[in-house]
Structures are given as C-alpha cells and as structure tokens.
Amino acid sequence: MCLILIAHHLTEQTPLLVLANRDEFYDRPTAAAAPWNECRELIAGRDLASGGSWFGVRGLRWASVTNVREGVEHSHSHRSRGWLVRDYLLSEDSPQDFLEKNANQITKYAGFNLLLGDDKELWYSSNRGPVAQKLGPGIYGLSNHLLDKPWPKVKRGKVALQALMSRSQVDLDRTFAILADTTRAADADLPDTGVPLEWERALSAAFISERDYGTRCSTLLMRTGGGNHLLVERRFAASPESWEESSFSWTA
C-alpha cells in the first residue's frame, strides 16, 4: 500500500473516511477483498505470497500498512508486514494494547508504517520513526515514509480529501478520482529515497502504471454517524480507466 488518506472524526456525518492505493508488482499473487475463512467478519484482500494483508476491516476495526521506501532491500529474512494487519484484526486488543504487546517485535519487520483504528481511536506506528501515537481528529496522509511526510502526492491527496469532506455528501466517484490521479511531481519536488530518478518520477503519482509494477487496487472505507460501514475495492490492470469492483456494507 503506497498511499493512504484519512479523514478521522472530522465530521459527525462521516466520522471515518479512508482512501488507499496498493502498489505492487503485477505478478505478485493476490486475492481480492473478501471474508476470510479464519473469521468471516474479517474482510480484506490477501497477499498470497505471504498470507498477510495490506488493508482490512472487522466490524468497527480497521488496519492498513505501508512499507518504508529505503532503496533496495537486500534481506529477505524479515517477517511479512502484512501479518500486522491480520493479527490486529483477528485480536480483541485495542489499538494501543496491540502496539504495546508487539513493541518488542517491531525490529523483526522491514521498515513499515501501521495504522490501527476502531470506532473511537486511530493510532499510528512505525519502526522507522518515533513512538506510537494516538491521532486526534483531522486529515492525514501516508505514503512510503513517515506520517504526513510532505511528498507531492500526499500533499495533493490531503488537499483533495479536505475539499471532499467540506461537501454535504461524500461522492464515491470523486473519492476514487483522488486515488486515480496520475499526475507526476516535478523533479525539483521529488524525494530522494535511494531509487533511480526514473523510479522516483513514476512513484510520485498517486496512481502508478508501469510495465511490471503499479497500482493494483484502490480501497475506500467509510463509516457514517449512524454506524453504517461501506468498503469498496477496485482492482486494476495497469490503467485507472478499467477495473473490477467488490463492495461490502454492514452496521456495527
């Protein structure tokens, strides 16, 4: 997952709206978002290479993870970051309790950013940054660096999400349009994350479409003030104009 935008307790009408893109190699085997056999209340996509997930929900709980871009990773001995999402959603722990219980395990994972939420709280943790923190109401953006690092697509996405939340109703087409933005940043605005310049350019777009790598899916999670939930996943084949879609709704 390489871009996550969150409106957390910004309005009473829509206390939670999460928009997220997962970027990955096209040949990495993946299962679409669906209820899991381990727990039918858990709805998530699945990384079939590792068994974990990049984004999932269970009732009032949700979780998502991104990697921290650190150039080329040479070690393959790390635990899969996607298991953090899985383990939190299968647990009964609050976000804070889960992070405290797993604090001594974070060095066993490659660099990650983790977001854990329930109906009341939103927590952020990274093994490349400061201690875990509870987030207050607001608009947040996360890519492959620390929370709210002002990368161009994070800044554009936060502005667009703020404008979206100022409207009387959340329009699904407008939300997915934010994630389908293929605008690349100017070279002067690119971060330096240890990858070649051409990759920095390609990865600067919210929606990535390269020959072997790109945005595999976009996910929307919305909770209304009445406790209604909507999860929509759109899956792509290298283009933001064509997709397959799965949708789930529940009340909790």
# chains A, B, ... in the order shown; residues from 1 in each chain; ligands from 1
>>> select_by_dssp(residues="segment 9-41 of chain A", states="strand (DSSP E)", output="PyMOL selection string")
chain A and resi 16-25+30-36+39-41
>>> residues_around(residues="Arg128 of chain A", least_positions_apart="2", cutoff="10 Å", atoms="only C-alpha atoms", output="PDB file with N, CA and C atoms, in the first residue's frame")
ATOM      1  N   VAL A  68       8.259   1.239   4.194  1.00  0.00           N
ATOM      2  CA  VAL A  68       9.085   2.446   4.163  1.00  0.00           C
ATOM      3  C   VAL A  68      10.097   2.268   3.042  1.00  0.00           C
ATOM      4  N   ILE A 106       8.969  -5.258  16.712  1.00  0.00           N
ATOM      5  CA  ILE A 106       8.957  -4.445  15.501  1.00  0.00           C
ATOM      6  C   ILE A 106      10.270  -4.490  14.738  1.00  0.00           C
ATOM      7  N   THR A 107      11.377  -4.807  15.404  1.00  0.00           N
ATOM      8  CA  THR A 107      12.655  -4.875  14.694  1.00  0.00           C
ATOM      9  C   THR A 107      12.746  -6.109  13.798  1.00  0.00           C
ATOM     10  N   ALA A 110      10.782  -5.563   8.208  1.00  0.00           N
ATOM     11  CA  ALA A 110      11.359  -4.493   7.403  1.00  0.00           C
ATOM     12  C   ALA A 110      10.597  -3.203   7.707  1.00  0.00           C
ATOM     13  N   GLY A 111      11.099  -2.071   7.225  1.00  0.00           N
ATOM     14  CA  GLY A 111      10.505  -0.792   7.561  1.00  0.00           C
ATOM     15  C   GLY A 111       9.029  -0.721   7.230  1.00  0.00           C
ATOM     16  N   PHE A 112       8.214  -0.276   8.198  1.00  0.00           N
ATOM     17  CA  PHE A 112       6.766  -0.221   7.973  1.00  0.00           C
ATOM     18  C   PHE A 112       6.149   1.000   8.625  1.00  0.00           C
ATOM     19  N   ASN A 113       4.980   1.366   8.117  1.00  0.00           N
ATOM     20  CA  ASN A 113       4.046   2.292   8.745  1.00  0.00           C
ATOM     21  C   ASN A 113       2.756   1.533   8.983  1.00  0.00           C
ATOM     22  N   SER A 125       1.929   3.856  13.995  1.00  0.00           N
ATOM     23  CA  SER A 125       3.202   3.339  14.488  1.00  0.00           C
ATOM     24  C   SER A 125       4.118   3.056  13.306  1.00  0.00           C
ATOM     25  N   SER A 126       5.408   3.224  13.530  1.00  0.00           N
ATOM     26  CA  SER A 126       6.414   2.900  12.515  1.00  0.00           C
ATOM     27  C   SER A 126       7.677   2.436  13.224  1.00  0.00           C
ATOM     28  N   PRO A 130       9.250   7.794  15.469  1.00  0.00           N
ATOM     29  CA  PRO A 130       9.094   7.934  16.927  1.00  0.00           C
ATOM     30  C   PRO A 130       8.136   6.885  17.473  1.00  0.00           C
ATOM     31  N   VAL A 131       7.878   6.993  18.762  1.00  0.00           N
ATOM     32  CA  VAL A 131       6.998   6.027  19.413  1.00  0.00           C
ATOM     33  C   VAL A 131       5.588   6.124  18.832  1.00  0.00           C
ATOM     34  N   HIS A 145       6.905   6.857   3.591  1.00  0.00           N
ATOM     35  CA  HIS A 145       7.766   7.494   4.575  1.00  0.00           C
ATOM     36  C   HIS A 145       6.892   7.716   5.792  1.00  0.00           C
ATOM     37  N   LEU A 146       7.330   8.533   6.726  1.00  0.00           N
ATOM     38  CA  LEU A 146       6.572   8.712   7.952  1.00  0.00           C
ATOM     39  C   LEU A 146       5.274   9.483   7.714  1.00  0.00           C
TER      40      LEU A 146
END
>>> atom_distance(atom1="atom CA of Asp119 of chain A", atom2="atom CA of Ser247 of chain A")
20.4 Å
>>> atom_distance(atom1="atom CA of Thr182 of chain A", atom2="atom CA of Ile208 of chain A")
6.6 Å
>>> residues_around(residues="Leu17 of chain A", least_positions_apart="3", cutoff="7 Å", atoms="only C-alpha atoms", output="ChimeraX atom specification")
/A:6-8,14,221-223
>>> residues_around(residues="segment 186-203 of chain A", least_positions_apart="6", cutoff="7 Å", atoms="only C-alpha atoms", output="PyMOL selection string")
chain A and resi 69-71+151-152
>>> write_last_selection(atoms="C-alpha atoms", output="mmCIF file, in the first residue's frame")
data_model
loop_
_atom_site.group_PDB
_atom_site.id
_atom_site.type_symbol
_atom_site.label_atom_id
_atom_site.label_comp_id
_atom_site.auth_asym_id
_atom_site.auth_seq_id
_atom_site.Cartn_x
_atom_site.Cartn_y
_atom_site.Cartn_z
ATOM 1 C CA ARG A 69 10.977 3.069 0.938
ATOM 2 C CA GLU A 70 14.649 2.532 1.707
ATOM 3 C CA GLY A 71 16.190 1.844 -1.682
ATOM 4 C CA TRP A 151 5.655 14.149 -0.526
ATOM 5 C CA PRO A 152 3.812 15.697 -3.501
#
>>> closest_residue(among="A:Leu115, A:Ala31, A:Leu16, A:Ile43", to="Cys217 of chain A", atoms="only C-alpha atoms")
A:Ala31
>>> atom_distance(atom1="atom CA of Lys120 of chain A", atom2="atom CA of Leu135 of chain A")
10.6 Å
>>> closest_residue(among="A:Leu3, A:Val159, A:Ala205, A:Met165", to="Asp181 of chain A", atoms="only C-alpha atoms")
A:Ala205
